[in-house]
Each structure stands twice: as C-alpha cells, then as structure tokens.
Amino acid sequence: MSETIEEKIKSYRTAPFDARFPNTNQTRNCFQNYLDYHRCNKALSATDQDVAPCDWYQRVYKSLCPMSWVSKWDEAIESGSFPGKI
Amino acid sequence: MAHPSQLGFQDAASPVMEELLHFHDHALMIVFMISTLVLYIIIAMVTTDLTNKYILDSQEIEVIWTVLPGLILILIALPSLRILYLMDEINDPHLTIKAMGHQWYWSYEYTDYEELGFDSYMIPTQDLSPGQFRLLETDHRMVVPSESPVRVLVSAEDVLHSWAVPALGVKMDAVPGRLNQTAFVASRSGVYYGQCSEICGANHSFMPIVVEAVPLEHFENWSSLMLEDA
C-alpha cells in the first residue's frame, strides 16, 4: 500500500504469494490475472485513463501461465470465441 | 543421482529433503527396534520347552503394551506433522519456472522477464559422452540459481506426467489443463537428476529431468545466452 503501482512493477521479481490462491492448484491464479489484465485495459481505456497500472496483471499472468495457454487465449480473444467475461 | 544398488535416499540438496531424510531415519530406527523385539519374542516362544497353563490375564502387561505403542506413535506423529506443515509454509519465490510435460520430453519456460522457453530431450544412449549417465542426461538442463526459493508450476500438454527430483525432495503431478505449484531451495550448487513419475506411454522411462543449480551470476549469464540462441 505504501508502494505505488509503478514502483511495484519496476521492482517486480516474480508473481508474489496471492492469499486468494493458497493451495497447490494455481490454475485459477493464472486465469484470473489474465482476465483482470484484459478487464483493466478495457475499463481504463473506456474512460481514457492511463492503462499502465494494468501492467501488473500482465507481469503476473506472464509469470504464471504457460505460453501455450496464453497464445490460445489471445487467439480466442481475436476471433471472439474467448469463454471468459471481459 | 542414484548409485548402483543404492538402498537409501540420495544426499539432500534442499532443506525440506534434509528434514524428510532425518525423519525417515528416525521412523526407520523405531521400525527396526520393534521388528527386532518381535522377532526375538517369536524365536523365544518357538524354541522353549516350558509350558504354562495357568496364567489367564495380567493387568500390568496389558497396560504396558497399550501405553508404550501409544507413546511410540506420538513420537512418530509429532515430527511427521511438523514436516508436513513445514512443507506447506508460504514461501516468497524469487523465480517462477513452468515445467510442461509432453510425450516424451519436458519443456521449461522462464517468463518472469523475457519469454524464454526450451525443450529438454533425453540424450540417447549411443550419443552419450564418457562419464555421462545413461537414461538420465538431457540436452538442455533446467538451470536455477542456488540458495534462491524457486517456484515450479507443473503442467502437461497431452497426458499425465509427473515432475520429480528426489535430491530436492520434489514430486508434482503434471495434469493437462491444471497448474500445480511446488517450490524448493537448492541449498548448494550441483546437478540433480529425476525421472518422469507417471506412466505416459511408450517412452515414459526416457524423459528425465535435470536441474542444475548455479550461483546467481552464472544463472544470469546462462539466461542471457539462452535468450540470444532462441
């Protein structure tokens, strides 16, 4: 809370512990951050604000999600068949 | 790595594995003592000519052989639970690596900063150099910095696999569509071998895992080189 989001992104090492996903299964952690990145982008650009804070979610999902999952989801978003709500 | 006709664990290369090793020594010692006692009693009973037909019960021995096993069980349970909770401690990883199982090789992804990914195939026996280990060596190793907490996210692209490195005390199933998290700290630099631990088809025995722990500067050099080659 004392760090700004820019500082947090600059000193990023890897995805930190997320108390919402404390257990072995991190599938939802990856997917949630992917969704949050796209939702953040959509929400901030809709009101013409700077989308830089959304980079945090991108760093986290890039750390956690397998590259093959990310490319599959990116393609699904492009083609309009992505199953998540963005 | 394991040695021919090895019976015990490999030398521990992580704090968790050290704990597991010591606990195993403790539990096994109790098992040996009980087995020796039981074997002695069996032999003594079988080789005696004495017969006693008049003892029907005894409160004292009943108390002893109820309380003593209870105490022994507590003696085993307390360190066991301690390690169980120790393994579940929240850790703060410095690095995240994804290990993806395929038929029949592993691929590793280091995507905290750049997108580094590479495949790790077993070196066939006919291509080994002198001194290399049969069925254990791979063309690319998973390099990690020593003494840094590392998070490994294990998954699979086709069928079930399992990512295991005994010296680090790590085994985690690789399930398609699921991301399983495990973590370790390599206490010292070295090369640690493991093998796929879930039956996955014809070449299940031929997709080993090699983790190479190096000092941080060497890890940084290695990752720059790997990114250039990609």
# chains A, B, ... in the order shown; residues from 1 in each chain; ligands from 1
call {"tool": "residues_around", "arguments": {"residues": "stretch 68-81 of chain A", "least_positions_apart": "4", "cutoff": "10 Å", "atoms": "only C-alpha atoms", "output": "MDAnalysis selection string"}}
result
(chainID A and resid 30:31 34 38 61:62 86) or (chainID B and resid 100 157 177)
call {"tool": "write_last_selection", "arguments": {"atoms": "all heavy atoms", "output": "PDB file, in the first residue's frame"}}
result
ATOM      1  N   CYS A  30      -3.583 -18.061 -12.478  1.00  0.00           N
ATOM      2  CA  CYS A  30      -3.140 -17.669 -13.815  1.00  0.00           C
ATOM      3  C   CYS A  30      -4.304 -17.067 -14.598  1.00  0.00           C
ATOM      4  O   CYS A  30      -4.206 -15.962 -15.148  1.00  0.00           O
ATOM      5  CB  CYS A  30      -2.545 -18.896 -14.520  1.00  0.00           C
ATOM      6  SG  CYS A  30      -2.902 -19.077 -16.274  1.00  0.00           S
ATOM      7  N   PHE A  31      -5.437 -17.789 -14.618  1.00  0.00           N
ATOM      8  CA  PHE A  31      -6.569 -17.352 -15.424  1.00  0.00           C
ATOM      9  C   PHE A  31      -7.135 -16.035 -14.915  1.00  0.00           C
ATOM     10  O   PHE A  31      -7.486 -15.142 -15.701  1.00  0.00           O
ATOM     11  CB  PHE A  31      -7.649 -18.440 -15.435  1.00  0.00           C
ATOM     12  CG  PHE A  31      -8.767 -18.191 -16.412  1.00  0.00           C
ATOM     13  CD1 PHE A  31      -8.500 -18.072 -17.766  1.00  0.00           C
ATOM     14  CD2 PHE A  31     -10.087 -18.081 -15.991  1.00  0.00           C
ATOM     15  CE1 PHE A  31      -9.525 -17.843 -18.690  1.00  0.00           C
ATOM     16  CE2 PHE A  31     -11.119 -17.855 -16.905  1.00  0.00           C
ATOM     17  CZ  PHE A  31     -10.830 -17.739 -18.256  1.00  0.00           C
ATOM     18  N   TYR A  34      -5.055 -13.138 -15.983  1.00  0.00           N
ATOM     19  CA  TYR A  34      -5.237 -12.896 -17.419  1.00  0.00           C
ATOM     20  C   TYR A  34      -6.519 -12.104 -17.649  1.00  0.00           C
ATOM     21  O   TYR A  34      -6.540 -11.100 -18.384  1.00  0.00           O
ATOM     22  CB  TYR A  34      -5.280 -14.235 -18.164  1.00  0.00           C
ATOM     23  CG  TYR A  34      -5.378 -14.104 -19.667  1.00  0.00           C
ATOM     24  CD1 TYR A  34      -4.236 -13.886 -20.439  1.00  0.00           C
ATOM     25  CD2 TYR A  34      -6.600 -14.193 -20.323  1.00  0.00           C
ATOM     26  CE1 TYR A  34      -4.322 -13.768 -21.814  1.00  0.00           C
ATOM     27  CE2 TYR A  34      -6.692 -14.073 -21.701  1.00  0.00           C
ATOM     28  CZ  TYR A  34      -5.550 -13.861 -22.441  1.00  0.00           C
ATOM     29  OH  TYR A  34      -5.635 -13.738 -23.808  1.00  0.00           O
ATOM     30  N   HIS A  38      -7.090  -7.966 -18.976  1.00  0.00           N
ATOM     31  CA  HIS A  38      -7.926  -7.521 -20.093  1.00  0.00           C
ATOM     32  C   HIS A  38      -9.089  -6.661 -19.628  1.00  0.00           C
ATOM     33  O   HIS A  38      -9.452  -5.675 -20.281  1.00  0.00           O
ATOM     34  CB  HIS A  38      -8.398  -8.730 -20.905  1.00  0.00           C
ATOM     35  CG  HIS A  38      -7.306  -9.350 -21.706  1.00  0.00           C
ATOM     36  ND1 HIS A  38      -6.857  -8.818 -22.887  1.00  0.00           N
ATOM     37  CD2 HIS A  38      -6.530 -10.440 -21.475  1.00  0.00           C
ATOM     38  CE1 HIS A  38      -5.862  -9.558 -23.361  1.00  0.00           C
ATOM     39  NE2 HIS A  38      -5.642 -10.545 -22.515  1.00  0.00           N
ATOM     40  N   TYR A  61       0.413 -12.677 -14.971  1.00  0.00           N
ATOM     41  CA  TYR A  61      -0.069 -13.807 -15.784  1.00  0.00           C
ATOM     42  C   TYR A  61       1.031 -14.341 -16.685  1.00  0.00           C
ATOM     43  O   TYR A  61       1.084 -15.533 -16.964  1.00  0.00           O
ATOM     44  CB  TYR A  61      -1.368 -13.488 -16.543  1.00  0.00           C
ATOM     45  CG  TYR A  61      -1.273 -12.886 -17.931  1.00  0.00           C
ATOM     46  CD1 TYR A  61      -0.734 -13.582 -19.004  1.00  0.00           C
ATOM     47  CD2 TYR A  61      -1.799 -11.616 -18.182  1.00  0.00           C
ATOM     48  CE1 TYR A  61      -0.672 -13.036 -20.269  1.00  0.00           C
ATOM     49  CE2 TYR A  61      -1.751 -11.060 -19.446  1.00  0.00           C
ATOM     50  CZ  TYR A  61      -1.176 -11.761 -20.487  1.00  0.00           C
ATOM     51  OH  TYR A  61      -1.131 -11.210 -21.733  1.00  0.00           O
ATOM     52  N   LYS A  62       1.942 -13.461 -17.126  1.00  0.00           N
ATOM     53  CA  LYS A  62       3.060 -13.966 -17.929  1.00  0.00           C
ATOM     54  C   LYS A  62       3.977 -14.860 -17.106  1.00  0.00           C
ATOM     55  O   LYS A  62       4.529 -15.826 -17.624  1.00  0.00           O
ATOM     56  CB  LYS A  62       3.857 -12.793 -18.531  1.00  0.00           C
ATOM     57  CG  LYS A  62       3.188 -12.220 -19.768  1.00  0.00           C
ATOM     58  CD  LYS A  62       4.152 -11.471 -20.658  1.00  0.00           C
ATOM     59  CE  LYS A  62       3.477 -10.948 -21.907  1.00  0.00           C
ATOM     60  NZ  LYS A  62       3.071 -11.995 -22.840  1.00  0.00           N
ATOM     61  N   ILE A  86     -14.965 -10.518 -20.388  1.00  0.00           N
ATOM     62  CA  ILE A  86     -14.024  -9.395 -20.303  1.00  0.00           C
ATOM     63  C   ILE A  86     -14.790  -8.107 -20.531  1.00  0.00           C
ATOM     64  O   ILE A  86     -15.471  -7.969 -21.533  1.00  0.00           O
ATOM     65  CB  ILE A  86     -12.885  -9.551 -21.318  1.00  0.00           C
ATOM     66  CG1 ILE A  86     -12.041 -10.795 -20.935  1.00  0.00           C
ATOM     67  CG2 ILE A  86     -12.031  -8.313 -21.342  1.00  0.00           C
ATOM     68  CD1 ILE A  86     -10.872 -11.039 -21.837  1.00  0.00           C
TER      69      ILE A  86
ATOM     70  N   MET B 100       6.558 -28.122 -18.394  1.00  0.00           N
ATOM     71  CA  MET B 100       5.428 -28.692 -19.128  1.00  0.00           C
ATOM     72  C   MET B 100       5.813 -30.085 -19.612  1.00  0.00           C
ATOM     73  O   MET B 100       6.865 -30.242 -20.261  1.00  0.00           O
ATOM     74  CB  MET B 100       5.080 -27.815 -20.332  1.00  0.00           C
ATOM     75  CG  MET B 100       4.829 -26.360 -19.969  1.00  0.00           C
ATOM     76  SD  MET B 100       3.352 -26.126 -18.977  1.00  0.00           S
ATOM     77  CE  MET B 100       2.063 -26.507 -20.138  1.00  0.00           C
ATOM     78  N   GLU B 157       0.945 -31.107 -21.580  1.00  0.00           N
ATOM     79  CA  GLU B 157       0.294 -30.704 -22.817  1.00  0.00           C
ATOM     80  C   GLU B 157      -0.486 -31.843 -23.462  1.00  0.00           C
ATOM     81  O   GLU B 157      -1.167 -31.611 -24.461  1.00  0.00           O
ATOM     82  CB  GLU B 157       1.350 -30.199 -23.825  1.00  0.00           C
ATOM     83  CG  GLU B 157       2.088 -28.963 -23.369  1.00  0.00           C
ATOM     84  CD  GLU B 157       1.320 -27.667 -23.611  1.00  0.00           C
ATOM     85  OE1 GLU B 157       0.076 -27.707 -23.719  1.00  0.00           O
ATOM     86  OE2 GLU B 157       1.954 -26.611 -23.707  1.00  0.00           O
ATOM     87  N   GLY B 177      -4.284 -29.088 -18.412  1.00  0.00           N
ATOM     88  CA  GLY B 177      -5.317 -28.127 -18.036  1.00  0.00           C
ATOM     89  C   GLY B 177      -5.237 -27.663 -16.599  1.00  0.00           C
ATOM     90  O   GLY B 177      -6.055 -26.867 -16.139  1.00  0.00           O
TER      91      GLY B 177
END
call {"tool": "closest_atom_pairs", "arguments": {"of": "chain A", "to": "chain B", "cutoff": "6 Å", "atoms": "only C-alpha atoms", "output": "Markdown table"}}
result
| residue | atom | partner | partner_atom | distance |
| --- | --- | --- | --- | --- |
| A:Thr14 | CA | B:Leu95 | CA | 5.6 |
| A:Thr24 | CA | B:Gln181 | CA | 5.0 |
| A:Asn25 | CA | B:Asn180 | CA | 4.9 |
| A:Gln26 | CA | B:Leu179 | CA | 5.3 |
| A:Thr27 | CA | B:Leu179 | CA | 4.7 |
| A:Ser63 | CA | B:Asp112 | CA | 4.7 |
call {"tool": "write_last_selection", "arguments": {"atoms": "all heavy atoms", "output": "compact mmCIF listing (two decimals), in the first residue's frame"}}
result
# COMPACT_ATOMS: atom_id res chain seq x y z
N THR A 14 8.94 -11.83 -9.38
CA THR A 14 8.07 -12.88 -9.89
C THR A 14 6.71 -12.72 -9.21
O THR A 14 6.56 -11.89 -8.31
CB THR A 14 8.66 -14.28 -9.66
OG1 THR A 14 7.88 -15.23 -10.39
CG2 THR A 14 8.64 -14.66 -8.20
N THR A 24 -2.09 -25.81 -3.81
CA THR A 24 -1.26 -26.33 -4.89
C THR A 24 -1.79 -25.93 -6.26
O THR A 24 -1.03 -25.63 -7.18
CB THR A 24 -1.19 -27.85 -4.79
OG1 THR A 24 -0.67 -28.20 -3.51
CG2 THR A 24 -0.30 -28.44 -5.87
N ASN A 25 -3.10 -25.97 -6.43
CA ASN A 25 -3.70 -25.71 -7.74
C ASN A 25 -3.72 -24.21 -8.05
O ASN A 25 -4.51 -23.46 -7.50
CB ASN A 25 -5.13 -26.28 -7.76
CG ASN A 25 -5.75 -26.19 -9.14
OD1 ASN A 25 -5.13 -25.69 -10.08
ND2 ASN A 25 -6.97 -26.67 -9.26
N GLN A 26 -2.83 -23.79 -8.95
CA GLN A 26 -2.71 -22.37 -9.28
C GLN A 26 -3.37 -22.00 -10.60
O GLN A 26 -3.15 -20.91 -11.13
CB GLN A 26 -1.23 -21.99 -9.34
CG GLN A 26 -0.52 -22.11 -8.01
CD GLN A 26 -0.95 -21.03 -7.05
OE1 GLN A 26 -0.76 -19.84 -7.29
NE2 GLN A 26 -1.56 -21.44 -5.94
N THR A 27 -4.16 -22.94 -11.15
CA THR A 27 -4.78 -22.71 -12.46
C THR A 27 -5.60 -21.42 -12.46
O THR A 27 -5.50 -20.60 -13.36
CB THR A 27 -5.72 -23.88 -12.83
OG1 THR A 27 -5.08 -25.10 -12.50
CG2 THR A 27 -6.05 -23.87 -14.30
N SER A 63 4.12 -14.54 -15.81
CA SER A 63 4.94 -15.40 -14.95
C SER A 63 4.29 -16.75 -14.73
O SER A 63 4.96 -17.78 -14.70
CB SER A 63 5.12 -14.75 -13.57
OG SER A 63 6.12 -13.79 -13.60
call {"tool": "select_by_dssp", "arguments": {"residues": "chain B", "states": "helix (DSSP H, G or I)", "output": "NGL selection string"}}
result
:B and (15-46 or 59-87 or 125-127 or 166-168 or 204-206 or 216-229)
call {"tool": "residues_around", "arguments": {"residues": "B:Trp104", "least_positions_apart": "3", "cutoff": "12 Å", "atoms": "only C-alpha atoms", "output": "JSON, numbers by chain"}}
result
{"B": [100, 101, 107, 119, 120, 121, 122, 156, 157, 158, 159, 160, 161, 162, 195, 196, 198, 199, 200, 201, 202, 203, 204, 205, 206, 207, 208, 209]}
call {"tool": "atom_distance", "arguments": {"atom1": "atom CA of B:Leu73", "atom2": "atom CA of B:His22"}}
result
16.9 Å
call {"tool": "select_by_dssp", "arguments": {"residues": "stretch 5-208 of chain B", "states": "strand (DSSP E or B)", "output": "JSON, numbers by chain"}}
result
{"B": [95, 96, 97, 98, 99, 100, 101, 102, 105, 106, 107, 108, 109, 110, 116, 117, 118, 119, 120, 122, 138, 142, 143, 144, 145, 149, 150, 151, 152, 153, 154, 155, 156, 161, 162, 163, 164, 165, 170, 171, 172, 173, 174, 176, 180, 181, 182, 183, 184, 185, 190, 191, 192, 193, 194, 195, 208]}
call {"tool": "residues_around", "arguments": {"residues": "B:His24", "least_positions_apart": "6", "cutoff": "10 Å", "atoms": "only C-alpha atoms", "output": "compact mmCIF listing (two decimals) with N, CA and C atoms, in the first residue's frame"}}
result
# COMPACT_ATOMS: atom_id res chain seq x y z
N GLY B 8 19.33 -46.35 0.18
CA GLY B 8 18.79 -45.19 0.88
C GLY B 8 18.51 -44.04 -0.07
N PHE B 9 18.12 -42.91 0.51
CA PHE B 9 17.86 -41.71 -0.28
C PHE B 9 19.15 -41.15 -0.84
N GLU B 18 16.34 -32.55 3.51
CA GLU B 18 17.13 -32.90 4.72
C GLU B 18 16.20 -33.32 5.84
N ILE B 30 12.84 -46.78 14.71
CA ILE B 30 11.76 -47.31 15.55
C ILE B 30 11.26 -48.62 14.96
N ILE B 76 6.36 -40.69 16.66
CA ILE B 76 6.44 -40.65 15.20
C ILE B 76 5.59 -39.51 14.64
N SER B 80 6.43 -35.94 12.20
CA SER B 80 5.79 -36.08 10.90
C SER B 80 4.91 -34.87 10.59
call {"tool": "residues_around", "arguments": {"residues": "stretch 44-58 of chain A", "least_positions_apart": "6", "cutoff": "8 Å", "atoms": "only C-alpha atoms", "output": "count of residues only"}}
result
8
